There are 2 protein chains.
Amino acid sequence: MIWFEDFTVGRVFELGSVTVTEEAIIEFASQFDPQPFHTDPVAARESSFGGLIASGWHTGSLWMRMYADTVLAQTDSRGSPGMEQLRWWAPVRPGDTLSGTTTVIAANPSSKDPTRGTVITESAMTNQDGVVVMSMSGRGMFGRRPA
Amino acid sequence: MIWFEDFTVGRVFELGSVTVTEEAIIEFASQFDPQPFHTDPVAARESSFGGLIASGWHTGSLWMRMYADTVLAQTDSRGSPGMEQLRWWAPVRPGDTLSGTTTVIAANPSSKDPTRGTVITESAMTNQDGVVVMSMSGRGMFGRRPA
């Protein structure tokens with residue numbers, strides 16, 4: 001188990017990687033973000049992006065999956081109140097392989113609930129060329145180590 | 001068409017509404033956020049949320065779909081550099097009906113590209129009881145009205 005106390009400032013979690021297919025980009029965007037540069041390879045070539053790119057919500061959701069599998073699954077996760085400064089720095093294109101990292105920035109015990117604390121993190125998704133495509137600062141609440 | 005010049009400060013876009021089913025919550029979370037309180041109604045009852053709740057990325061993606069359909073589809077959308085201060089204020093539960101609004105906060109012509117400008121917005125998702133479940137400040141780039 002990873003308890004609140006184990007989120008020490010500076011600790012880095014490597015979240016693994018995922019390859020984004022054209023099919024997955026179109027499937028996600030058709031459901032949630034049907035802009036032509038996310039759903040239509042032909043129209044996307046004529047757009048300012050010059051080809052199909054993933055919805056930013058798709059890239060974020062892919063990060064979430066990696067974080068849930070590699071970190072949250074080992075915690076007593078109590079949910080998240082939100083995120084700051086989400087940035088989509090560069091397009092995600094079909095065939096890109098994205099690697100995720102999450103770094104602990106701060107950890108504060110709850111003043112309301114002695115069984116939990118809030119952890120502030122900085123996360124990034126980086127493509128196969130070393131380009132950061134997305135970054136954000138998130139907050140998560142975690143159960144404390146039982147006495 | 002809605003051009004950059006039409007995003008006047010204070011303009012409010014009503015984005016319509018969507019009802020969130022238990023099936024949709026589980027389907028999204030199984031793919032992108034497989035925490036038990038998002039995927040397993042029985043385990044969710046034992047969690048601090050007392051029942052199944054939607055992934056925050058799901059709620060955000062549902063907002064994105066409404067915004068794409070009602071606003072972006074009428075624009076020359078050039079994508080988004082990111083978001084600030086995303087907050088998940090309250091749980092989204094099966095059967096909830098969420099209504100979206102997006103308000104224009106600022107609009108700045110690009111100093112690099114005379115054909116576009118950046119619009120800063122504040123958005124919210126509100127449930128059937130009038131409770132704001134999510135809010136955020138987003139940025140979008142839009143084509144300017146042709147001369």
# chains A, B, ... in the order shown; residues from 1 in each chain; ligands from 1
>>> interface_residues(of="chain B", to="chain A", cutoff="7 Å", atoms="only C-alpha atoms", output="ChimeraX atom specification")
/B:32-35,48,57,61-62,64-65,68,78,81-89
>>> calpha_fit_and_write(fixed="chain A", moving="chain B", output="compact mmCIF listing (two decimals) with N, CA and C atoms, in the first residue's frame")
# COMPACT_ATOMS: atom_id res chain seq x y z
N MET B 1 0.84 -1.21 0.01
CA MET B 1 0.00 0.00 0.00
C MET B 1 0.86 1.27 0.00
N ILE B 2 0.36 2.29 -0.69
CA ILE B 2 0.98 3.62 -0.63
C ILE B 2 0.02 4.50 0.18
N TRP B 3 0.45 4.85 1.41
CA TRP B 3 -0.38 5.71 2.25
C TRP B 3 -0.03 7.18 2.03
N PHE B 4 -0.86 8.07 2.55
CA PHE B 4 -0.58 9.51 2.47
C PHE B 4 0.86 9.81 2.87
N GLU B 5 1.34 9.16 3.93
CA GLU B 5 2.69 9.43 4.45
C GLU B 5 3.78 9.02 3.46
N ASP B 6 3.43 8.18 2.49
CA ASP B 6 4.43 7.72 1.52
C ASP B 6 4.59 8.68 0.32
N PHE B 7 3.70 9.67 0.23
CA PHE B 7 3.83 10.68 -0.83
C PHE B 7 4.80 11.76 -0.33
N THR B 8 6.09 11.42 -0.33
CA THR B 8 7.10 12.36 0.15
C THR B 8 7.44 13.34 -0.97
N VAL B 9 7.68 14.58 -0.57
CA VAL B 9 7.95 15.64 -1.55
C VAL B 9 9.16 15.27 -2.40
N GLY B 10 8.98 15.35 -3.71
CA GLY B 10 10.05 15.02 -4.64
C GLY B 10 9.96 13.60 -5.19
N ARG B 11 9.12 12.76 -4.57
CA ARG B 11 8.99 11.39 -5.07
C ARG B 11 8.39 11.41 -6.47
N VAL B 12 8.99 10.64 -7.38
CA VAL B 12 8.54 10.58 -8.77
C VAL B 12 7.94 9.21 -9.04
N PHE B 13 6.76 9.19 -9.59
CA PHE B 13 6.14 7.93 -10.03
C PHE B 13 6.23 7.85 -11.55
N GLU B 14 6.84 6.77 -12.02
CA GLU B 14 6.86 6.49 -13.46
C GLU B 14 5.61 5.70 -13.77
N LEU B 15 4.81 6.19 -14.71
CA LEU B 15 3.47 5.63 -14.93
C LEU B 15 3.40 4.66 -16.11
N GLY B 16 4.54 4.42 -16.77
CA GLY B 16 4.50 3.55 -17.93
C GLY B 16 4.19 4.33 -19.20
N SER B 17 3.79 3.63 -20.26
CA SER B 17 3.54 4.32 -21.53
C SER B 17 2.37 3.68 -22.27
N VAL B 18 1.86 4.43 -23.23
CA VAL B 18 0.72 3.97 -24.03
C VAL B 18 0.90 4.51 -25.46
N THR B 19 0.60 3.67 -26.44
CA THR B 19 0.65 4.11 -27.83
C THR B 19 -0.77 4.45 -28.29
N VAL B 20 -0.89 5.62 -28.92
CA VAL B 20 -2.20 6.16 -29.30
C VAL B 20 -2.45 5.87 -30.78
N THR B 21 -3.47 5.08 -31.05
CA THR B 21 -3.76 4.74 -32.44
C THR B 21 -4.74 5.75 -33.07
N GLU B 22 -4.73 5.80 -34.40
CA GLU B 22 -5.70 6.64 -35.10
C GLU B 22 -7.12 6.22 -34.74
N GLU B 23 -7.34 4.92 -34.65
CA GLU B 23 -8.67 4.41 -34.31
C GLU B 23 -9.13 4.91 -32.95
N ALA B 24 -8.23 4.88 -31.97
CA ALA B 24 -8.59 5.33 -30.62
C ALA B 24 -8.86 6.83 -30.59
N ILE B 25 -8.05 7.60 -31.33
CA ILE B 25 -8.26 9.06 -31.39
C ILE B 25 -9.64 9.37 -31.94
N ILE B 26 -10.00 8.70 -33.03
CA ILE B 26 -11.30 8.96 -33.68
C ILE B 26 -12.44 8.48 -32.79
N GLU B 27 -12.26 7.33 -32.14
CA GLU B 27 -13.33 6.79 -31.29
C GLU B 27 -13.63 7.72 -30.12
N PHE B 28 -12.57 8.17 -29.42
CA PHE B 28 -12.78 9.06 -28.28
C PHE B 28 -13.44 10.35 -28.74
N ALA B 29 -12.88 10.94 -29.79
CA ALA B 29 -13.36 12.25 -30.24
C ALA B 29 -14.77 12.18 -30.80
N SER B 30 -15.12 11.08 -31.44
CA SER B 30 -16.48 10.95 -31.97
C SER B 30 -17.49 11.01 -30.84
N GLN B 31 -17.08 10.48 -29.66
CA GLN B 31 -18.00 10.48 -28.53
C GLN B 31 -17.96 11.81 -27.75
N PHE B 32 -16.78 12.42 -27.62
CA PHE B 32 -16.65 13.52 -26.67
C PHE B 32 -16.12 14.84 -27.23
N ASP B 33 -15.53 14.84 -28.42
CA ASP B 33 -14.91 16.08 -28.91
C ASP B 33 -14.88 16.06 -30.44
N PRO B 34 -16.09 16.08 -31.05
CA PRO B 34 -16.17 15.84 -32.51
C PRO B 34 -15.79 17.05 -33.36
N GLN B 35 -14.57 17.55 -33.17
CA GLN B 35 -14.03 18.57 -34.05
C GLN B 35 -13.31 17.85 -35.19
N PRO B 36 -13.41 18.39 -36.42
CA PRO B 36 -12.88 17.65 -37.59
C PRO B 36 -11.41 17.26 -37.45
N PHE B 37 -10.57 18.10 -36.78
CA PHE B 37 -9.15 17.72 -36.67
C PHE B 37 -8.92 16.60 -35.67
N HIS B 38 -10.01 16.18 -34.95
CA HIS B 38 -9.92 15.01 -34.07
C HIS B 38 -10.59 13.77 -34.67
N THR B 39 -11.49 13.97 -35.63
CA THR B 39 -12.33 12.84 -36.09
C THR B 39 -12.17 12.49 -37.56
N ASP B 40 -11.62 13.41 -38.37
CA ASP B 40 -11.66 13.23 -39.82
C ASP B 40 -10.26 13.45 -40.40
N PRO B 41 -9.54 12.36 -40.72
CA PRO B 41 -8.15 12.50 -41.19
C PRO B 41 -8.01 13.41 -42.41
N VAL B 42 -9.01 13.41 -43.28
CA VAL B 42 -8.91 14.23 -44.50
C VAL B 42 -9.09 15.72 -44.15
N ALA B 43 -10.14 16.03 -43.38
CA ALA B 43 -10.35 17.42 -42.97
C ALA B 43 -9.18 17.90 -42.10
N ALA B 44 -8.63 17.00 -41.29
CA ALA B 44 -7.53 17.38 -40.40
C ALA B 44 -6.30 17.83 -41.18
N ARG B 45 -6.08 17.23 -42.35
CA ARG B 45 -4.91 17.63 -43.15
C ARG B 45 -5.02 19.08 -43.60
N GLU B 46 -6.26 19.55 -43.79
CA GLU B 46 -6.49 20.94 -44.22
C GLU B 46 -6.49 21.91 -43.04
N SER B 47 -6.49 21.39 -41.80
CA SER B 47 -6.57 22.26 -40.62
C SER B 47 -5.21 22.83 -40.28
N SER B 48 -5.18 23.73 -39.28
CA SER B 48 -3.92 24.33 -38.86
C SER B 48 -2.98 23.29 -38.24
N PHE B 49 -3.49 22.10 -37.89
CA PHE B 49 -2.64 21.06 -37.31
C PHE B 49 -2.00 20.16 -38.38
N GLY B 50 -2.47 20.24 -39.61
CA GLY B 50 -1.86 19.48 -40.70
C GLY B 50 -2.09 17.98 -40.65
N GLY B 51 -2.96 17.53 -39.76
CA GLY B 51 -3.26 16.10 -39.66
C GLY B 51 -4.02 15.83 -38.38
N LEU B 52 -4.48 14.58 -38.26
CA LEU B 52 -5.30 14.20 -37.11
C LEU B 52 -4.53 14.36 -35.79
N ILE B 53 -5.18 14.93 -34.78
CA ILE B 53 -4.58 15.01 -33.44
C ILE B 53 -5.61 14.56 -32.41
N ALA B 54 -5.11 14.07 -31.27
CA ALA B 54 -6.00 13.59 -30.21
C ALA B 54 -6.65 14.76 -29.47
N SER B 55 -7.88 14.57 -29.04
CA SER B 55 -8.52 15.52 -28.13
C SER B 55 -7.68 15.65 -26.86
N GLY B 56 -7.57 16.86 -26.34
CA GLY B 56 -6.86 17.06 -25.08
C GLY B 56 -7.48 16.27 -23.94
N TRP B 57 -8.80 16.10 -23.97
CA TRP B 57 -9.46 15.31 -22.93
C TRP B 57 -9.09 13.84 -23.05
N HIS B 58 -8.80 13.40 -24.27
CA HIS B 58 -8.35 12.03 -24.49
C HIS B 58 -6.95 11.84 -23.88
N THR B 59 -6.04 12.76 -24.16
CA THR B 59 -4.70 12.66 -23.60
C THR B 59 -4.76 12.67 -22.07
N GLY B 60 -5.60 13.55 -21.52
CA GLY B 60 -5.75 13.58 -20.07
C GLY B 60 -6.32 12.29 -19.52
N SER B 61 -7.28 11.71 -20.23
CA SER B 61 -7.88 10.46 -19.77
C SER B 61 -6.89 9.30 -19.85
N LEU B 62 -5.99 9.34 -20.84
CA LEU B 62 -4.95 8.31 -20.94
C LEU B 62 -3.97 8.43 -19.78
N TRP B 63 -3.64 9.67 -19.39
CA TRP B 63 -2.81 9.86 -18.19
C TRP B 63 -3.52 9.29 -16.97
N MET B 64 -4.82 9.61 -16.85
CA MET B 64 -5.60 9.14 -15.70
C MET B 64 -5.53 7.62 -15.58
N ARG B 65 -5.66 6.92 -16.72
CA ARG B 65 -5.63 5.46 -16.69
C ARG B 65 -4.29 4.94 -16.17
N MET B 66 -3.21 5.55 -16.65
CA MET B 66 -1.89 5.09 -16.22
C MET B 66 -1.69 5.37 -14.73
N TYR B 67 -2.14 6.56 -14.28
CA TYR B 67 -1.99 6.94 -12.86
C TYR B 67 -2.85 6.03 -11.98
N ALA B 68 -4.05 5.70 -12.45
CA ALA B 68 -4.93 4.82 -11.67
C ALA B 68 -4.30 3.43 -11.53
N ASP B 69 -3.74 2.93 -12.64
CA ASP B 69 -3.18 1.58 -12.62
C ASP B 69 -1.91 1.48 -11.77
N THR B 70 -1.03 2.48 -11.89
CA THR B 70 0.29 2.33 -11.27
C THR B 70 0.37 2.93 -9.87
N VAL B 71 -0.46 3.92 -9.57
CA VAL B 71 -0.40 4.57 -8.25
C VAL B 71 -1.70 4.36 -7.47
N LEU B 72 -2.81 4.87 -7.99
CA LEU B 72 -4.05 4.88 -7.19
C LEU B 72 -4.48 3.49 -6.75
N ALA B 73 -4.22 2.48 -7.59
CA ALA B 73 -4.65 1.11 -7.25
C ALA B 73 -4.00 0.62 -5.96
N GLN B 74 -2.86 1.24 -5.59
CA GLN B 74 -2.17 0.83 -4.36
C GLN B 74 -2.50 1.73 -3.17
N THR B 75 -3.41 2.68 -3.37
CA THR B 75 -3.71 3.65 -2.31
C THR B 75 -5.15 3.49 -1.81
N ASP B 76 -5.43 4.19 -0.71
CA ASP B 76 -6.81 4.40 -0.26
C ASP B 76 -7.23 5.76 -0.82
N SER B 77 -7.55 5.76 -2.14
CA SER B 77 -7.84 7.01 -2.85
C SER B 77 -9.20 7.54 -2.42
N ARG B 78 -9.25 8.84 -2.11
CA ARG B 78 -10.51 9.47 -1.70
C ARG B 78 -10.98 10.50 -2.72
N GLY B 79 -10.45 10.41 -3.95
CA GLY B 79 -10.89 11.32 -4.99
C GLY B 79 -10.04 12.57 -5.09
N SER B 80 -10.44 13.48 -6.00
CA SER B 80 -9.66 14.67 -6.31
C SER B 80 -10.54 15.90 -6.34
N PRO B 81 -10.11 17.00 -5.68
CA PRO B 81 -10.89 18.24 -5.77
C PRO B 81 -10.64 19.03 -7.05
N GLY B 82 -9.58 18.70 -7.80
CA GLY B 82 -9.38 19.44 -9.04
C GLY B 82 -7.94 19.47 -9.51
N MET B 83 -7.71 20.34 -10.49
CA MET B 83 -6.40 20.48 -11.12
C MET B 83 -6.14 21.95 -11.40
N GLU B 84 -4.86 22.29 -11.54
CA GLU B 84 -4.44 23.63 -11.91
C GLU B 84 -3.61 23.55 -13.19
N GLN B 85 -3.57 24.65 -13.93
CA GLN B 85 -2.61 24.86 -15.02
C GLN B 85 -2.42 23.64 -15.91
N LEU B 86 -3.53 23.11 -16.42
CA LEU B 86 -3.39 22.06 -17.42
C LEU B 86 -2.94 22.71 -18.73
N ARG B 87 -1.92 22.15 -19.34
CA ARG B 87 -1.39 22.69 -20.61
C ARG B 87 -1.28 21.57 -21.64
N TRP B 88 -1.80 21.87 -22.83
CA TRP B 88 -1.57 20.98 -23.97
C TRP B 88 -0.49 21.65 -24.83
N TRP B 89 0.75 21.21 -24.64
CA TRP B 89 1.90 21.90 -25.24
C TRP B 89 2.10 21.57 -26.71
N ALA B 90 1.78 20.34 -27.09
CA ALA B 90 2.08 19.91 -28.46
C ALA B 90 1.04 18.87 -28.87
N PRO B 91 0.77 18.77 -30.18
CA PRO B 91 -0.24 17.81 -30.64
C PRO B 91 0.17 16.36 -30.37
N VAL B 92 -0.83 15.52 -30.12
CA VAL B 92 -0.64 14.07 -30.03
C VAL B 92 -1.20 13.47 -31.31
N ARG B 93 -0.33 12.76 -32.04
CA ARG B 93 -0.71 12.25 -33.36
C ARG B 93 -0.77 10.73 -33.37
N PRO B 94 -1.48 10.15 -34.34
CA PRO B 94 -1.58 8.68 -34.42
C PRO B 94 -0.20 8.03 -34.42
N GLY B 95 -0.05 7.00 -33.60
CA GLY B 95 1.21 6.28 -33.51
C GLY B 95 2.13 6.80 -32.42
N ASP B 96 1.82 7.97 -31.85
CA ASP B 96 2.66 8.50 -30.77
C ASP B 96 2.61 7.57 -29.55
N THR B 97 3.75 7.42 -28.90
CA THR B 97 3.82 6.68 -27.64
C THR B 97 4.08 7.68 -26.52
N LEU B 98 3.15 7.74 -25.58
CA LEU B 98 3.21 8.72 -24.49
C LEU B 98 3.62 8.05 -23.19
N SER B 99 4.59 8.66 -22.50
CA SER B 99 5.02 8.18 -21.20
C SER B 99 4.59 9.19 -20.14
N GLY B 100 4.11 8.66 -19.01
CA GLY B 100 3.60 9.54 -17.96
C GLY B 100 4.49 9.53 -16.73
N THR B 101 4.61 10.71 -16.11
CA THR B 101 5.27 10.80 -14.81
C THR B 101 4.43 11.70 -13.91
N THR B 102 4.49 11.42 -12.61
CA THR B 102 3.81 12.25 -11.62
C THR B 102 4.77 12.45 -10.45
N THR B 103 5.00 13.72 -10.08
CA THR B 103 5.95 14.08 -9.03
C THR B 103 5.20 14.72 -7.87
N VAL B 104 5.57 14.34 -6.65
CA VAL B 104 4.92 14.91 -5.47
C VAL B 104 5.52 16.30 -5.18
N ILE B 105 4.65 17.32 -5.10
CA ILE B 105 5.08 18.70 -4.85
C ILE B 105 4.85 19.09 -3.39
N ALA B 106 3.75 18.62 -2.82
CA ALA B 106 3.43 18.95 -1.43
C ALA B 106 2.46 17.92 -0.89
N ALA B 107 2.41 17.79 0.42
CA ALA B 107 1.48 16.84 1.06
C ALA B 107 1.04 17.44 2.38
N ASN B 108 -0.28 17.63 2.54
CA ASN B 108 -0.82 18.30 3.72
C ASN B 108 -1.90 17.44 4.37
N PRO B 109 -1.72 17.11 5.66
CA PRO B 109 -2.78 16.37 6.36
C PRO B 109 -4.05 17.21 6.41
N SER B 110 -5.20 16.57 6.36
CA SER B 110 -6.47 17.29 6.44
C SER B 110 -6.66 17.85 7.84
N SER B 111 -7.18 19.08 7.92
CA SER B 111 -7.51 19.65 9.23
C SER B 111 -8.89 19.21 9.69
N LYS B 112 -9.68 18.64 8.73
CA LYS B 112 -11.04 18.24 9.06
C LYS B 112 -11.15 16.75 9.38
N ASP B 113 -10.33 15.95 8.69
CA ASP B 113 -10.48 14.49 8.79
C ASP B 113 -9.11 13.87 9.07
N PRO B 114 -8.90 13.37 10.30
CA PRO B 114 -7.56 12.85 10.66
C PRO B 114 -7.19 11.58 9.90
N THR B 115 -8.14 11.01 9.13
CA THR B 115 -7.82 9.77 8.42
C THR B 115 -7.31 10.02 7.00
N ARG B 116 -7.23 11.32 6.57
CA ARG B 116 -6.77 11.56 5.20
C ARG B 116 -5.88 12.80 5.11
N GLY B 117 -5.27 12.94 3.90
CA GLY B 117 -4.47 14.11 3.60
C GLY B 117 -4.54 14.40 2.12
N THR B 118 -4.13 15.61 1.73
CA THR B 118 -4.16 16.02 0.32
C THR B 118 -2.74 16.07 -0.22
N VAL B 119 -2.55 15.50 -1.39
CA VAL B 119 -1.24 15.49 -2.05
C VAL B 119 -1.34 16.33 -3.32
N ILE B 120 -0.39 17.25 -3.49
CA ILE B 120 -0.32 18.08 -4.69
C ILE B 120 0.79 17.52 -5.57
N THR B 121 0.47 17.30 -6.84
CA THR B 121 1.41 16.67 -7.77
C THR B 121 1.58 17.51 -9.03
N GLU B 122 2.69 17.29 -9.71
CA GLU B 122 2.91 17.81 -11.05
C GLU B 122 3.05 16.60 -11.97
N SER B 123 2.27 16.58 -13.05
CA SER B 123 2.30 15.44 -13.95
C SER B 123 2.64 15.88 -15.36
N ALA B 124 3.19 14.94 -16.12
CA ALA B 124 3.51 15.24 -17.51
C ALA B 124 3.32 14.00 -18.37
N MET B 125 2.98 14.25 -19.62
CA MET B 125 2.96 13.20 -20.65
C MET B 125 3.97 13.63 -21.71
N THR B 126 4.87 12.72 -22.05
CA THR B 126 5.97 13.03 -22.97
C THR B 126 5.94 12.03 -24.12
N ASN B 127 6.15 12.52 -25.34
CA ASN B 127 6.09 11.59 -26.48
C ASN B 127 7.43 10.92 -26.77
N GLN B 128 7.46 10.08 -27.79
CA GLN B 128 8.65 9.27 -28.09
C GLN B 128 9.85 10.12 -28.52
N ASP B 129 9.61 11.40 -28.85
CA ASP B 129 10.71 12.29 -29.21
C ASP B 129 11.17 13.14 -28.03
N GLY B 130 10.62 12.87 -26.84
CA GLY B 130 11.01 13.64 -25.66
C GLY B 130 10.28 14.96 -25.52
N VAL B 131 9.26 15.17 -26.35
CA VAL B 131 8.48 16.41 -26.27
C VAL B 131 7.36 16.25 -25.25
N VAL B 132 7.29 17.17 -24.28
CA VAL B 132 6.17 17.16 -23.33
C VAL B 132 4.93 17.63 -24.08
N VAL B 133 3.91 16.77 -24.14
CA VAL B 133 2.69 17.13 -24.87
C VAL B 133 1.61 17.67 -23.92
N MET B 134 1.68 17.30 -22.64
CA MET B 134 0.68 17.77 -21.67
C MET B 134 1.33 17.85 -20.30
N SER B 135 0.95 18.84 -19.52
CA SER B 135 1.36 18.88 -18.12
C SER B 135 0.24 19.48 -17.29
N MET B 136 0.25 19.18 -16.01
CA MET B 136 -0.76 19.76 -15.12
C MET B 136 -0.36 19.53 -13.68
N SER B 137 -0.98 20.32 -12.82
CA SER B 137 -0.81 20.16 -11.38
C SER B 137 -2.14 19.65 -10.83
N GLY B 138 -2.09 18.49 -10.16
CA GLY B 138 -3.33 17.91 -9.66
C GLY B 138 -3.33 17.80 -8.15
N ARG B 139 -4.51 17.56 -7.60
CA ARG B 139 -4.62 17.33 -6.16
C ARG B 139 -5.38 16.04 -5.93
N GLY B 140 -4.92 15.26 -4.98
CA GLY B 140 -5.62 14.02 -4.65
C GLY B 140 -5.68 13.85 -3.15
N MET B 141 -6.77 13.21 -2.68
CA MET B 141 -6.91 12.94 -1.25
C MET B 141 -6.67 11.45 -1.03
N PHE B 142 -5.86 11.15 0.03
CA PHE B 142 -5.46 9.76 0.28
C PHE B 142 -5.59 9.44 1.76
N GLY B 143 -5.94 8.19 2.01
CA GLY B 143 -6.02 7.71 3.39
C GLY B 143 -4.65 7.69 4.05
N ARG B 144 -4.61 8.03 5.35
CA ARG B 144 -3.36 7.99 6.12
C ARG B 144 -3.09 6.58 6.63
N ARG B 145 -1.83 6.31 6.88
CA ARG B 145 -1.43 5.02 7.43
C ARG B 145 -2.12 4.79 8.78
N PRO B 146 -2.81 3.67 8.91
CA PRO B 146 -3.49 3.40 10.19
C PRO B 146 -2.48 3.33 11.34
N ALA B 147 -2.88 3.81 12.48
CA ALA B 147 -1.97 3.87 13.64
C ALA B 147 -1.54 2.46 14.02
>>> select_by_dssp(residues="chain A", states="strand (DSSP E)", output="PyMOL selection string")
chain A and resi 12-19+82-88+97-109+116-126+132-143
>>> write_last_selection(atoms="C-alpha atoms", output="compact mmCIF listing (two decimals), in the first residue's frame")
# COMPACT_ATOMS: atom_id res chain seq x y z
CA VAL A 12 8.54 10.58 -8.77
CA PHE A 13 6.14 7.94 -10.03
CA GLU A 14 6.87 6.50 -13.48
CA LEU A 15 3.47 5.62 -14.93
CA GLY A 16 4.50 3.55 -17.95
CA SER A 17 3.55 4.31 -21.54
CA VAL A 18 0.73 3.98 -24.04
CA THR A 19 0.65 4.11 -27.83
CA GLY A 82 -9.37 19.44 -9.04
CA MET A 83 -6.39 20.49 -11.13
CA GLU A 84 -4.44 23.65 -11.91
CA GLN A 85 -2.64 24.86 -15.03
CA LEU A 86 -3.41 22.05 -17.43
CA ARG A 87 -1.40 22.68 -20.61
CA TRP A 88 -1.57 20.98 -23.97
CA THR A 97 3.83 6.68 -27.64
CA LEU A 98 3.21 8.72 -24.49
CA SER A 99 5.03 8.18 -21.20
CA GLY A 100 3.61 9.54 -17.97
CA THR A 101 5.27 10.80 -14.81
CA THR A 102 3.81 12.25 -11.61
CA THR A 103 5.96 14.08 -9.03
CA VAL A 104 4.92 14.92 -5.46
CA ILE A 105 5.08 18.70 -4.84
CA ALA A 106 3.44 18.95 -1.43
CA ALA A 107 1.49 16.85 1.06
CA ASN A 108 -0.81 18.29 3.72
CA PRO A 109 -2.79 16.38 6.36
CA ARG A 116 -6.77 11.57 5.20
CA GLY A 117 -4.45 14.10 3.60
CA THR A 118 -4.16 16.02 0.32
CA VAL A 119 -1.23 15.47 -2.05
CA ILE A 120 -0.31 18.07 -4.70
CA THR A 121 1.41 16.67 -7.76
CA GLU A 122 2.91 17.81 -11.06
CA SER A 123 2.31 15.44 -13.95
CA ALA A 124 3.52 15.24 -17.52
CA MET A 125 2.96 13.19 -20.65
CA THR A 126 5.98 13.03 -22.98
CA VAL A 132 6.16 17.17 -23.33
CA VAL A 133 2.67 17.13 -24.87
CA MET A 134 0.68 17.78 -21.68
CA SER A 135 1.37 18.90 -18.12
CA MET A 136 -0.76 19.76 -15.12
CA SER A 137 -0.81 20.16 -11.39
CA GLY A 138 -3.33 17.93 -9.66
CA ARG A 139 -4.61 17.33 -6.16
CA GLY A 140 -5.61 14.03 -4.66
CA MET A 141 -6.89 12.94 -1.27
CA PHE A 142 -5.47 9.76 0.27
CA GLY A 143 -6.02 7.71 3.38
>>> select_by_dssp(residues="chain B", states="helix (DSSP H, G or I)", output="ChimeraX atom specification")
/B:4-6,22-32,36-39,41-46,56-70,72-74
